[in-house]
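A quick write-up on the structure given underneath.
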Amino acid sequence: MQPLSEQELVRRKKLEEIKQLGIDPYPATSFPVNATAKDILENYDTNEQAYQQISLAGRLMNFRISGAASFAEIQDSTGRIQIYARRDDLCPGEDKTLYNTVFKKLLDIGDIIGVTGYVFKTKMGEITIHLNTFQLLSKSLKPFPVVRRDDEGNVYDEVTDLEFRYRQRYADLVINPTVKDVFRKRTQLMNVMRDYLNERGYLEVETPILQPIYGGAAARPFKTHHNTLDMTLYLRIANELYLKRLIVGGYDGVYEFSKDFRNEGMSRFHNPEFTQIELYVAYKDYQWMMNLVEEMIEQVALALHGTTEVPVGDQVINFKRPWKRFTMFEAIEHFTGIDISQMDEAALRETAKKLDVPFDKTMGKGKLIDEIFGEHCEPKLIQPTFITDYPVEMSPLALRHRDNPDLVERFEAICNGKEICNAFSELNDPIDQRQRFQEQLELGKRGDEEAMILDEDFLRALEYGMPPTAGLGIGIDRLTMIMTNASSIQDVLFFPQMKPENKPVLATQEDYINIGVAEDLIPVLQKLGFWTLEDFRKASANKLFNDVCGMRKKMKLKEVKNPTKEEVEKWLEAVEVEA
RNA sequence: UCGCCCAUAGCUCAGCGGUAGAGCUCCUCACUUUUAAUGAGGAAGUCGUAGGUUCGAAUCCUACUGGGCGAACCA
């Protein structure tokens with residue numbers, strides 16, 4: 001535990017005073033609420049009568065205390081509203097403690113209170129709650145950073161420290177109101193998709209996160225161990241192979257919002273755990289799926305923004321249907337002027353060289369094409385665009401193209417220079433699927449750490465027969481980033497993965513006392529740099545004795561008694577015993 | 001994993017070899033419609049951690065820790 005700051009000590013002292021007044025700072029109670037800040041601010045003007053007896057709870061922010069009447073602001077889940085507290089209303093009798101002491105002195109910014117009263121408008125025209133009563137519902141012991149705003153909406157002292165915001169998201173949500181909105185949008189986005197798919201009769205399902213064989217994507221997994229079964233399990237990197245098993249089982253359409261886990265690098269586009277939606281629909285193909293994606297994402301944009309146009313960075317992205325469509329070969333020709341559709345591996349290598357695309361020996365034909373596309377096309381695709389017909393080598397789970405066996409029936413939607421979805425006509429030929437897995441095994445032997453492993457049970461399922469099926473995966477985090485104009489994935493995850501804070505373990509008040517240090521000497525030792533028990537372990541008794549006496553004098557602590565040298569020696573012995 | 005940048009009071013930041021600073025927050029006092037409330041007074045710091053250079057380091061150097069941004073890998 002960190003030593004308490006001056007302000008935290010003040011709040012703990014206030015907590016004691018509150019208890020001494022017979023007030024429970026953490027009462028076990030429900031507080032009935034009949035209004036929200038947003039509701040009052042929006043509707044008071046048109047219906048004043050409805051707000052004469054309101055009851056509202058929230059967190060105190062921004063106090064403006066004056067003599068016998070004070071203003072403050074209370075923040076609930078919908079926003080902030082001003083409250084007005086008058087001494088003689090809160091305390092009609094002789095005893096003015098509740099206002100003079102409790103309200104004015106013992107409440108702090110961050111405290112959670114419940115209030116009752118009536119709504120009125122101040123001289124300045126601000127809609128305000130005139131309090132009849134207030135009740136402390138939870139005392140806040142840790143001060144929030146204070147962010148202030150003026151009438152024009154300018155923000156002062158905004159907390160911009162990303163480390164603070166990501167590690168203490170709970171505080172970030174309280175002090176930066178736009179953050180809450182991002183996460184509301186994220187949920188809304190998923191709900192729009194869920195409604196869209198449910199309306200069409202597709203079934204939302206759950207499949208295993210702990211998998212004995214990881215599959216369905218090319219990625220390195222997290223590995224764990226089940227004790228009772230004494231076996232290795234992997235956290236899923238995708239749920240594709242399980243959803244297809246369900247299509248074999250006879251469902252026409254299944255989907256799952258799936259937390260997936262990939263043990264790879266982190267960046268502003270990558271978190272070790274992330275969310276995808278995967279959807280599989282029987283008797284459909286990738287052309288059909290393209291239309292579904294267009295329509296569903298257009299609906300998401302409309303629901304979140306009221307228009308298909310979404311601002312992203314300094315661009316405006318328009319999700320209005322129909323989106324532009326390119327085959328991969330067309331896209332490469334469009335952006336580089338080179339037609340690679342007839343090239344063999346050697347010619348592709350030459351082209352990659354000419355186009356300054358980095359490549360190495362392990363890359364086959366498919367990988368080379370993918371690299372050229374990734375380097376020269378993908379970053380330039382800002383407006384939503386479908387890229388179709390990928391090389392077969394890159395897509396071991398996709399069905400071969402009906403017109404060209406070197407290609408697969410696959411598409412990705414690219415938006416703002418990044419992939420937002422990946423879909424194909426699913427490979428349902430068990431013989432071909434086995435062969436493709438074999439090719440992946442070969443790649444694995446060549447050193448590709450992300451090559452897929454062969455899943456016998458999945459092949460057995462395919463052997464029973466899977467109908468022609470269209471499959472889709474959409475990165476929810478990436479799509480949310482676009483829909484909320486976030487530049488980092490951490491801004492759309494409540495609790496993005498962080499390294500541990502790993503602060504040194506500071507000695508508590510009790511630690512000092514336990515080793516025999518008199519309480520009033522603790523500040524002296526801290527001034528000398530003795531913050532942890534480890535500091536004592538490294539110290540010599542003679543030097544510490546001299547330093548303590550010297551520092552006590554320097555700090556002019558006349559009432560504090562110097563320790564004897566024997567006492568100092570005992571401290572150091574006690575520390576050794578503790579260890 | 002590699003490269004560049006950042007770390008000073010609870011928050012936002014200044015200081016960049018010579019006594020640790022400002023605004024807000026906090027504390028005390030005044031104030032019955034204030035609103036970035038106001039007026040007066042006050043308190044608050046392991047200058048990320050550990051070494052080094054120096055008469056002297058928040059400031060210069062090195063390493064480490066944490067964060068950000070690029071690259072690599074990927075979605």
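Simple scheme: letters A, B, ... for chains in structure tokens order, numbers from 1 for residues in each chain, numbers from 1 for ligands in the order shown.
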
Tell me which protein, DNA and RNA residues are within 6 Å of range 2-15 of chain B, counting only C-alpha atoms (C1' of nucleotides), leaving out same-chain ones fewer than 6 positions away, and put them as an MDAnalysis selection string.
(chainID A and resid 145 157) or (chainID B and resid 45 47:48)

Export, as a compact mmCIF listing (two decimals), in the first residue's frame, the selected residues with N, CA and C atoms (P, O5', C5', C4', C3', O3' and C1' of nucleotides).
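Result file out_35.txt:
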```
# COMPACT_ATOMS: atom_id res chain seq x y z
N PRO A 145 -9.10 13.36 -9.78
CA PRO A 145 -8.56 14.55 -10.43
C PRO A 145 -9.74 15.43 -10.83
N ASP A 157 -7.70 21.30 -17.38
CA ASP A 157 -7.02 20.27 -16.59
C ASP A 157 -7.56 18.88 -16.89
P G B 45 5.24 17.03 1.34
O5' G B 45 5.75 16.19 0.10
C5' G B 45 4.84 15.61 -0.85
C4' G B 45 5.59 15.46 -2.14
C3' G B 45 6.98 14.87 -2.00
O3' G B 45 7.03 13.62 -2.67
C1' G B 45 7.02 16.88 -3.30
P C B 47 12.31 13.29 -5.11
O5' C B 47 11.60 13.88 -6.40
C5' C B 47 10.74 13.07 -7.23
C4' C B 47 10.75 13.69 -8.61
C3' C B 47 12.05 13.42 -9.38
O3' C B 47 11.96 12.43 -10.39
C1' C B 47 11.54 15.78 -9.29
P G B 48 11.51 12.10 -11.73
O5' G B 48 10.74 10.73 -11.64
C5' G B 48 9.71 10.52 -10.67
C4' G B 48 9.50 9.03 -10.48
C3' G B 48 10.73 8.28 -9.97
O3' G B 48 10.82 8.31 -8.57
C1' G B 48 9.85 7.19 -11.87
```

Within 10 Å of chain A, which residues of chain B are there when counting only C-alpha atoms (C1' of nucleotides)? Please give them as a PDB file with C-alpha atoms (C1' of nucleotides), in the first residue's frame.
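This is the output file selection.pdb:
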```pdb
ATOM      1  C1'   U B   1      12.188  -8.258 -30.075  1.00  0.00           C
ATOM      2  C1'   A B   9       2.528  18.203  -5.663  1.00  0.00           C
ATOM      3  C1'   G B  10      -3.909  14.610  -5.936  1.00  0.00           C
ATOM      4  C1'   C B  11      -4.541  16.856 -11.461  1.00  0.00           C
ATOM      5  C1'   U B  12      -2.561  20.106 -15.662  1.00  0.00           C
ATOM      6  C1'   C B  13       2.188  21.786 -16.431  1.00  0.00           C
ATOM      7  C1'   G B  23      -2.877  27.315 -11.595  1.00  0.00           C
ATOM      8  C1'   C B  24      -6.611  24.050 -10.020  1.00  0.00           C
ATOM      9  C1'   U B  25      -7.508  20.526  -5.937  1.00  0.00           C
ATOM     10  C1'   C B  26      -6.962  20.363  -0.385  1.00  0.00           C
ATOM     11  C1'   C B  27      -7.188  23.071   4.688  1.00  0.00           C
ATOM     12  C1'   A B  30     -16.115  35.288   4.997  1.00  0.00           C
ATOM     13  C1'   C B  31     -20.377  35.100   1.738  1.00  0.00           C
ATOM     14  C1'   U B  32     -28.716  33.057   1.074  1.00  0.00           C
ATOM     15  C1'   U B  33     -29.401  32.174  -6.811  1.00  0.00           C
ATOM     16  C1'   U B  34     -23.410  30.723  -7.630  1.00  0.00           C
ATOM     17  C1'   U B  35     -21.409  28.506 -12.119  1.00  0.00           C
ATOM     18  C1'   A B  36     -13.867  27.616 -14.742  1.00  0.00           C
ATOM     19  C1'   A B  37     -18.096  31.084  -8.098  1.00  0.00           C
ATOM     20  C1'   U B  38     -15.438  35.105  -5.423  1.00  0.00           C
ATOM     21  C1'   A B  43      -0.554  23.257   3.721  1.00  0.00           C
ATOM     22  C1'   A B  44       1.257  19.896   0.278  1.00  0.00           C
ATOM     23  C1'   U B  46      11.519   9.501  -2.749  1.00  0.00           C
ATOM     24  C1'   G B  48       9.853   7.187 -11.867  1.00  0.00           C
ATOM     25  C1'   U B  49      14.135   3.686  -9.609  1.00  0.00           C
ATOM     26  C1'   U B  65      10.887   0.169 -14.595  1.00  0.00           C
ATOM     27  C1'   G B  66       6.336   2.031 -16.562  1.00  0.00           C
ATOM     28  C1'   G B  67       3.803   4.583 -20.628  1.00  0.00           C
ATOM     29  C1'   G B  68       3.235   6.419 -25.792  1.00  0.00           C
ATOM     30  C1'   C B  69       4.457   6.250 -31.035  1.00  0.00           C
ATOM     31  C1'   A B  72       8.278  -6.629 -36.884  1.00  0.00           C
ATOM     32  C1'   C B  73       4.027 -10.116 -36.089  1.00  0.00           C
ATOM     33  C1'   C B  74      -1.023 -10.168 -36.564  1.00  0.00           C
ATOM     34  C1'   A B  75      -7.063  -9.089 -36.491  1.00  0.00           C
TER      35        A B  75
END
```

Tell me, which residues of range 279-416 of chain A carry DSSP strand (DSSP E), written as an mmCIF file with N, CA, C and O atoms, in the first residue's frame?
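Saved the output as part_33.cif:
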```cif
data_model
loop_
_atom_site.group_PDB
_atom_site.id
_atom_site.type_symbol
_atom_site.label_atom_id
_atom_site.label_comp_id
_atom_site.auth_asym_id
_atom_site.auth_seq_id
_atom_site.Cartn_x
_atom_site.Cartn_y
_atom_site.Cartn_z
ATOM 1 N N LEU A 279 -20.205 -15.779 -38.056
ATOM 2 C CA LEU A 279 -21.542 -16.176 -38.501
ATOM 3 C C LEU A 279 -21.396 -17.213 -39.601
ATOM 4 O O LEU A 279 -20.572 -17.062 -40.504
ATOM 5 N N TYR A 280 -22.198 -18.284 -39.535
ATOM 6 C CA TYR A 280 -22.209 -19.315 -40.580
ATOM 7 C C TYR A 280 -23.643 -19.554 -41.010
ATOM 8 O O TYR A 280 -24.515 -19.743 -40.154
ATOM 9 N N VAL A 281 -23.878 -19.498 -42.307
ATOM 10 C CA VAL A 281 -25.230 -19.692 -42.817
ATOM 11 C C VAL A 281 -25.206 -20.759 -43.921
ATOM 12 O O VAL A 281 -24.431 -20.651 -44.893
ATOM 13 N N ALA A 282 -26.043 -21.790 -43.742
ATOM 14 C CA ALA A 282 -26.076 -22.915 -44.682
ATOM 15 C C ALA A 282 -26.769 -22.525 -45.985
ATOM 16 O O ALA A 282 -27.642 -21.652 -45.996
ATOM 17 N N GLU A 309 -22.679 8.340 -42.836
ATOM 18 C CA GLU A 309 -21.368 9.000 -42.871
ATOM 19 C C GLU A 309 -20.789 9.097 -41.468
ATOM 20 O O GLU A 309 -21.426 9.607 -40.550
ATOM 21 N N VAL A 310 -19.555 8.589 -41.331
ATOM 22 C CA VAL A 310 -18.919 8.500 -40.021
ATOM 23 C C VAL A 310 -17.566 9.200 -40.076
ATOM 24 O O VAL A 310 -16.726 8.851 -40.911
ATOM 25 N N PRO A 311 -17.327 10.187 -39.216
ATOM 26 C CA PRO A 311 -16.013 10.841 -39.222
ATOM 27 C C PRO A 311 -14.960 9.937 -38.594
ATOM 28 O O PRO A 311 -15.178 9.377 -37.516
ATOM 29 N N VAL A 312 -13.826 9.768 -39.276
ATOM 30 C CA VAL A 312 -12.711 8.965 -38.760
ATOM 31 C C VAL A 312 -11.429 9.730 -39.054
ATOM 32 O O VAL A 312 -11.076 9.913 -40.213
ATOM 33 N N GLN A 315 -10.909 12.045 -42.077
ATOM 34 C CA GLN A 315 -11.708 11.567 -43.208
ATOM 35 C C GLN A 315 -13.176 11.437 -42.779
ATOM 36 O O GLN A 315 -13.486 11.441 -41.603
ATOM 37 N N VAL A 316 -14.034 11.340 -43.783
ATOM 38 C CA VAL A 316 -15.406 10.915 -43.507
ATOM 39 C C VAL A 316 -15.623 9.623 -44.276
ATOM 40 O O VAL A 316 -15.396 9.566 -45.486
ATOM 41 N N ILE A 317 -16.018 8.581 -43.561
ATOM 42 C CA ILE A 317 -16.228 7.290 -44.204
ATOM 43 C C ILE A 317 -17.722 7.083 -44.391
ATOM 44 O O ILE A 317 -18.502 7.274 -43.457
ATOM 45 N N ASN A 318 -18.097 6.715 -45.593
ATOM 46 C CA ASN A 318 -19.515 6.548 -45.908
ATOM 47 C C ASN A 318 -19.837 5.073 -46.124
ATOM 48 O O ASN A 318 -19.333 4.438 -47.045
ATOM 49 N N LYS A 324 -17.731 -0.387 -52.931
ATOM 50 C CA LYS A 324 -16.903 -0.711 -54.075
ATOM 51 C C LYS A 324 -16.410 -2.168 -53.969
ATOM 52 O O LYS A 324 -16.170 -2.662 -52.858
ATOM 53 N N ARG A 325 -16.289 -2.848 -55.103
ATOM 54 C CA ARG A 325 -15.797 -4.229 -55.091
ATOM 55 C C ARG A 325 -14.661 -4.387 -56.093
ATOM 56 O O ARG A 325 -14.750 -3.928 -57.224
ATOM 57 N N PHE A 326 -13.597 -5.028 -55.633
ATOM 58 C CA PHE A 326 -12.431 -5.337 -56.457
ATOM 59 C C PHE A 326 -12.087 -6.805 -56.233
ATOM 60 O O PHE A 326 -12.140 -7.270 -55.092
ATOM 61 N N THR A 327 -11.683 -7.526 -57.274
ATOM 62 C CA THR A 327 -10.976 -8.769 -56.979
ATOM 63 C C THR A 327 -9.572 -8.367 -56.527
ATOM 64 O O THR A 327 -9.131 -7.244 -56.762
ATOM 65 N N THR A 385 -14.535 -1.133 -48.842
ATOM 66 C CA THR A 385 -14.319 -1.771 -50.136
ATOM 67 C C THR A 385 -14.211 -3.275 -49.925
ATOM 68 O O THR A 385 -13.548 -3.718 -48.978
ATOM 69 N N PHE A 386 -14.877 -4.039 -50.773
ATOM 70 C CA PHE A 386 -14.725 -5.486 -50.723
ATOM 71 C C PHE A 386 -13.596 -5.918 -51.641
ATOM 72 O O PHE A 386 -13.552 -5.520 -52.811
ATOM 73 N N ILE A 387 -12.699 -6.730 -51.125
ATOM 74 C CA ILE A 387 -11.673 -7.364 -51.945
ATOM 75 C C ILE A 387 -12.040 -8.842 -52.010
ATOM 76 O O ILE A 387 -12.255 -9.479 -50.972
ATOM 77 N N THR A 388 -12.118 -9.393 -53.215
ATOM 78 C CA THR A 388 -12.593 -10.772 -53.357
ATOM 79 C C THR A 388 -11.552 -11.655 -54.035
ATOM 80 O O THR A 388 -10.594 -11.162 -54.638
ATOM 81 N N ASP A 389 -11.737 -12.966 -53.904
ATOM 82 C CA ASP A 389 -11.000 -13.965 -54.675
ATOM 83 C C ASP A 389 -9.504 -13.987 -54.342
ATOM 84 O O ASP A 389 -8.670 -13.468 -55.070
ATOM 85 N N TYR A 390 -9.215 -14.573 -53.196
ATOM 86 C CA TYR A 390 -7.854 -14.630 -52.657
ATOM 87 C C TYR A 390 -7.132 -15.874 -53.156
ATOM 88 O O TYR A 390 -7.766 -16.871 -53.523
ATOM 89 N N PRO A 391 -5.804 -15.861 -53.141
ATOM 90 C CA PRO A 391 -5.057 -17.062 -53.522
ATOM 91 C C PRO A 391 -5.334 -18.219 -52.548
ATOM 92 O O PRO A 391 -5.483 -18.002 -51.353
ATOM 93 N N LEU A 407 -7.701 -19.985 -56.880
ATOM 94 C CA LEU A 407 -8.270 -18.960 -55.998
ATOM 95 C C LEU A 407 -9.317 -19.589 -55.088
ATOM 96 O O LEU A 407 -9.753 -20.710 -55.312
ATOM 97 N N VAL A 408 -9.687 -18.846 -54.048
ATOM 98 C CA VAL A 408 -10.803 -19.283 -53.209
ATOM 99 C C VAL A 408 -11.896 -18.221 -53.240
ATOM 100 O O VAL A 408 -11.646 -17.062 -53.552
ATOM 101 N N GLU A 409 -13.097 -18.655 -52.878
ATOM 102 C CA GLU A 409 -14.233 -17.745 -52.816
ATOM 103 C C GLU A 409 -14.204 -17.038 -51.469
ATOM 104 O O GLU A 409 -14.853 -17.465 -50.520
ATOM 105 N N ARG A 410 -13.450 -15.984 -51.420
ATOM 106 C CA ARG A 410 -13.241 -15.296 -50.144
ATOM 107 C C ARG A 410 -13.322 -13.804 -50.366
ATOM 108 O O ARG A 410 -12.948 -13.314 -51.432
ATOM 109 N N PHE A 411 -13.790 -13.069 -49.373
ATOM 110 C CA PHE A 411 -13.681 -11.612 -49.441
ATOM 111 C C PHE A 411 -13.325 -11.038 -48.078
ATOM 112 O O PHE A 411 -13.578 -11.647 -47.040
ATOM 113 N N GLU A 412 -12.680 -9.878 -48.136
ATOM 114 C CA GLU A 412 -12.482 -9.078 -46.938
ATOM 115 C C GLU A 412 -13.081 -7.716 -47.215
ATOM 116 O O GLU A 412 -13.085 -7.263 -48.356
ATOM 117 N N ALA A 413 -13.600 -7.074 -46.178
ATOM 118 C CA ALA A 413 -13.979 -5.671 -46.309
ATOM 119 C C ALA A 413 -12.851 -4.850 -45.702
ATOM 120 O O ALA A 413 -12.423 -5.115 -44.570
ATOM 121 N N ILE A 414 -12.334 -3.907 -46.476
ATOM 122 C CA ILE A 414 -11.265 -3.035 -45.996
ATOM 123 C C ILE A 414 -11.863 -1.658 -45.776
ATOM 124 O O ILE A 414 -12.658 -1.185 -46.588
ATOM 125 N N CYS A 415 -11.484 -1.042 -44.665
ATOM 126 C CA CYS A 415 -12.028 0.271 -44.343
ATOM 127 C C CYS A 415 -10.990 1.025 -43.538
ATOM 128 O O CYS A 415 -10.414 0.467 -42.608
#
```

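For C61 in chain B, the non-local neighbours within 12 Å, defined as residues at least 6 positions apart in the same chain or in other chains and counting only C-alpha atoms (C1' of nucleotides), are G51, G52, U53 and U54 of chain B.
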
Export, as a CSV table (one decimal), in the first residue's frame, the selected residues with all heavy atoms.
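Contents of out_20.csv, freshly written:
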```
chain,number,residue,atom,x,y,z
B,51,G,P,22.0,3.8,-5.4
B,51,G,OP1,22.5,3.4,-4.0
B,51,G,OP2,21.7,5.2,-5.7
B,51,G,O5',23.1,3.2,-6.4
B,51,G,C5',24.2,4.0,-6.8
B,51,G,C4',24.8,3.6,-8.1
B,51,G,O4',23.8,3.5,-9.1
B,51,G,C3',25.8,4.5,-8.6
B,51,G,O3',27.1,4.3,-8.0
B,51,G,C2',25.8,4.2,-10.1
B,51,G,O2',26.5,3.0,-10.4
B,51,G,C1',24.2,4.0,-10.3
B,51,G,N9,23.6,5.3,-10.5
B,51,G,C8,22.6,5.9,-9.7
B,51,G,N7,22.2,7.0,-10.2
B,51,G,C5,22.9,7.1,-11.4
B,51,G,C6,22.8,8.2,-12.4
B,51,G,O6,22.1,9.2,-12.4
B,51,G,N1,23.6,7.9,-13.5
B,51,G,C2,24.4,6.8,-13.6
B,51,G,N2,25.1,6.7,-14.7
B,51,G,N3,24.5,5.8,-12.7
B,51,G,C4,23.7,6.1,-11.6
B,52,G,P,27.8,5.7,-7.4
B,52,G,OP1,29.0,5.2,-6.6
B,52,G,OP2,26.8,6.5,-6.8
B,52,G,O5',28.3,6.4,-8.7
B,52,G,C5',29.2,5.7,-9.6
B,52,G,C4',29.2,6.3,-11.0
B,52,G,O4',27.9,6.5,-11.5
B,52,G,C3',29.8,7.7,-11.0
B,52,G,O3',31.2,7.8,-10.9
B,52,G,C2',29.2,8.2,-12.3
B,52,G,O2',30.0,7.7,-13.4
B,52,G,C1',27.9,7.6,-12.4
B,52,G,N9,26.8,8.5,-11.9
B,52,G,C8,26.1,8.5,-10.8
B,52,G,N7,25.2,9.5,-10.7
B,52,G,C5,25.4,10.2,-11.8
B,52,G,C6,24.8,11.4,-12.3
B,52,G,O6,23.9,12.0,-11.7
B,52,G,N1,25.3,11.8,-13.5
B,52,G,C2,26.3,11.2,-14.2
B,52,G,N2,26.7,11.7,-15.3
B,52,G,N3,26.9,10.1,-13.8
B,52,G,C4,26.4,9.6,-12.6
B,53,U,P,31.9,9.0,-10.1
B,53,U,OP1,33.3,8.7,-10.0
B,53,U,OP2,31.1,9.4,-8.9
B,53,U,O5',31.7,10.2,-11.2
B,53,U,C5',32.3,10.1,-12.5
B,53,U,C4',32.0,11.3,-13.3
B,53,U,O4',30.6,11.3,-13.6
B,53,U,C3',32.2,12.7,-12.6
B,53,U,O3',33.6,13.1,-12.7
B,53,U,C2',31.3,13.6,-13.4
B,53,U,O2',31.9,13.9,-14.7
B,53,U,C1',30.1,12.7,-13.7
B,53,U,N1,29.1,12.8,-12.6
B,53,U,C2,28.2,13.9,-12.8
B,53,U,O2,28.2,14.7,-13.7
B,53,U,N3,27.2,14.0,-11.8
B,53,U,C4,27.1,13.2,-10.7
B,53,U,O4,26.2,13.4,-9.9
B,53,U,C5,28.0,12.1,-10.6
B,53,U,C6,29.0,12.0,-11.6
B,54,U,P,34.3,13.6,-11.3
B,54,U,OP1,35.7,13.9,-11.7
B,54,U,OP2,34.0,12.7,-10.2
B,54,U,O5',33.5,15.0,-11.0
B,54,U,C5',33.6,16.1,-11.9
B,54,U,C4',32.7,17.1,-11.5
B,54,U,O4',31.3,16.6,-11.6
B,54,U,C3',32.8,17.6,-10.1
B,54,U,O3',33.8,18.5,-9.9
B,54,U,C2',31.4,18.2,-9.8
B,54,U,O2',31.3,19.5,-10.4
B,54,U,C1',30.5,17.3,-10.6
B,54,U,N1,29.9,16.2,-9.7
B,54,U,C2,28.7,16.5,-9.2
B,54,U,O2,28.1,17.6,-9.4
B,54,U,N3,28.2,15.5,-8.4
B,54,U,C4,28.7,14.3,-8.1
B,54,U,O4,28.1,13.5,-7.3
B,54,U,C5,30.0,14.1,-8.7
B,54,U,C6,30.5,15.0,-9.5
```

Quick one: pull the distance between CA of Thr207 in chain A and CA of Leu304 in chain A, Å, one decimal.
29.0 Å

Please give the complete set of residues from range 101-267 of chain A that DSSP, run on the backbone, assigns to alpha helix (DSSP H), formatted as an MDAnalysis selection string.
chainID A and resid 162:167 169:175 177:199 240:248

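With CA of Glu333 in chain A on one side and CA of Lys354 in chain A on the other, the separation reads 14.1 Å.
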
Applying 12 Å and only C-alpha atoms (C1' of nucleotides), which residues near Gly374 in chain A remain after dropping the ones on its own chain fewer than 2 positions away? List them as a short mmCIF file (atom, residue, chain, number, x, y, z; two decimals) with N, CA and C atoms, in the first residue's frame.
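Writing the result to result-v1.cif gives the following:
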```
data_model
loop_
_atom_site.label_atom_id
_atom_site.label_comp_id
_atom_site.auth_asym_id
_atom_site.auth_seq_id
_atom_site.Cartn_x
_atom_site.Cartn_y
_atom_site.Cartn_z
N MET A 328 -8.88 -9.28 -55.87
CA MET A 328 -7.54 -8.95 -55.41
C MET A 328 -6.63 -8.57 -56.59
N ALA A 331 -7.49 -5.08 -57.72
CA ALA A 331 -7.03 -4.06 -56.79
C ALA A 331 -5.54 -3.80 -57.00
N ILE A 332 -4.76 -4.89 -57.15
CA ILE A 332 -3.32 -4.72 -57.34
C ILE A 332 -3.04 -4.00 -58.65
N PHE A 335 -3.83 -0.23 -58.25
CA PHE A 335 -2.92 0.62 -57.47
C PHE A 335 -1.47 0.55 -57.94
N ALA A 352 7.55 -8.30 -56.69
CA ALA A 352 7.68 -7.83 -55.31
C ALA A 352 8.94 -6.98 -55.18
N LEU A 355 8.48 -3.63 -56.74
CA LEU A 355 7.56 -2.75 -56.00
C LEU A 355 8.04 -2.45 -54.57
N VAL A 357 8.52 -4.47 -52.13
CA VAL A 357 7.80 -5.22 -51.11
C VAL A 357 8.78 -6.21 -50.49
N PRO A 358 8.97 -6.16 -49.18
CA PRO A 358 9.92 -7.08 -48.55
C PRO A 358 9.38 -8.52 -48.60
N LYS A 367 1.40 -16.02 -50.41
CA LYS A 367 1.96 -15.08 -49.44
C LYS A 367 2.53 -13.86 -50.16
N LEU A 368 3.16 -14.10 -51.32
CA LEU A 368 3.73 -12.98 -52.08
C LEU A 368 2.63 -12.03 -52.55
N ILE A 369 1.55 -12.61 -53.07
CA ILE A 369 0.43 -11.77 -53.52
C ILE A 369 -0.13 -10.98 -52.34
N ASP A 370 -0.27 -11.65 -51.20
CA ASP A 370 -0.81 -11.01 -50.01
C ASP A 370 0.07 -9.83 -49.57
N GLU A 371 1.40 -10.05 -49.65
CA GLU A 371 2.34 -8.99 -49.26
C GLU A 371 2.22 -7.78 -50.18
N ILE A 372 2.13 -8.04 -51.48
CA ILE A 372 2.01 -6.94 -52.45
C ILE A 372 0.74 -6.15 -52.18
N HIS A 376 0.72 -2.22 -50.98
CA HIS A 376 0.37 -1.19 -51.97
C HIS A 376 -1.11 -0.87 -52.08
N CYS A 377 -1.96 -1.72 -51.57
CA CYS A 377 -3.39 -1.48 -51.75
C CYS A 377 -4.11 -1.19 -50.44
N GLU A 378 -3.95 -2.07 -49.47
CA GLU A 378 -4.75 -2.00 -48.25
C GLU A 378 -4.72 -0.62 -47.61
N PRO A 379 -3.52 0.00 -47.41
CA PRO A 379 -3.50 1.30 -46.73
C PRO A 379 -4.23 2.39 -47.50
N LYS A 380 -4.43 2.21 -48.79
CA LYS A 380 -5.05 3.26 -49.59
C LYS A 380 -6.57 3.11 -49.65
N LEU A 381 -7.08 2.02 -49.13
CA LEU A 381 -8.52 1.80 -49.18
C LEU A 381 -9.17 2.41 -47.94
N ILE A 387 -12.70 -6.73 -51.12
CA ILE A 387 -11.67 -7.36 -51.94
C ILE A 387 -12.04 -8.84 -52.01
N ILE A 414 -12.33 -3.91 -46.48
CA ILE A 414 -11.27 -3.03 -46.00
C ILE A 414 -11.86 -1.66 -45.78
N GLY A 417 -8.09 1.65 -44.33
CA GLY A 417 -6.79 1.01 -44.50
C GLY A 417 -6.60 -0.26 -43.69
N LYS A 418 -7.68 -0.75 -43.08
CA LYS A 418 -7.57 -1.96 -42.26
C LYS A 418 -8.70 -2.92 -42.59
N GLU A 419 -8.39 -4.21 -42.43
CA GLU A 419 -9.42 -5.22 -42.62
C GLU A 419 -10.45 -5.13 -41.50
#
```

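By only C-alpha atoms (C1' of nucleotides), and with residues fewer than 3 positions from Leu246 in chain A along its chain excluded, the set lying at most 10 Å from it is A:Val205, A:Thr207, A:Leu241, A:Tyr242, A:Leu243, A:Gly249, A:Gly250, A:Tyr251, A:Asp252, A:Gly253, A:Val254, A:Tyr280, A:Ala461, A:Met466.
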
Skipping near chain neighbours, those fewer than 6 positions away, what residues fall within 12 Å of range 28-38 of chain A using only C-alpha atoms (C1' of nucleotides), listed as a count of residues only?
38
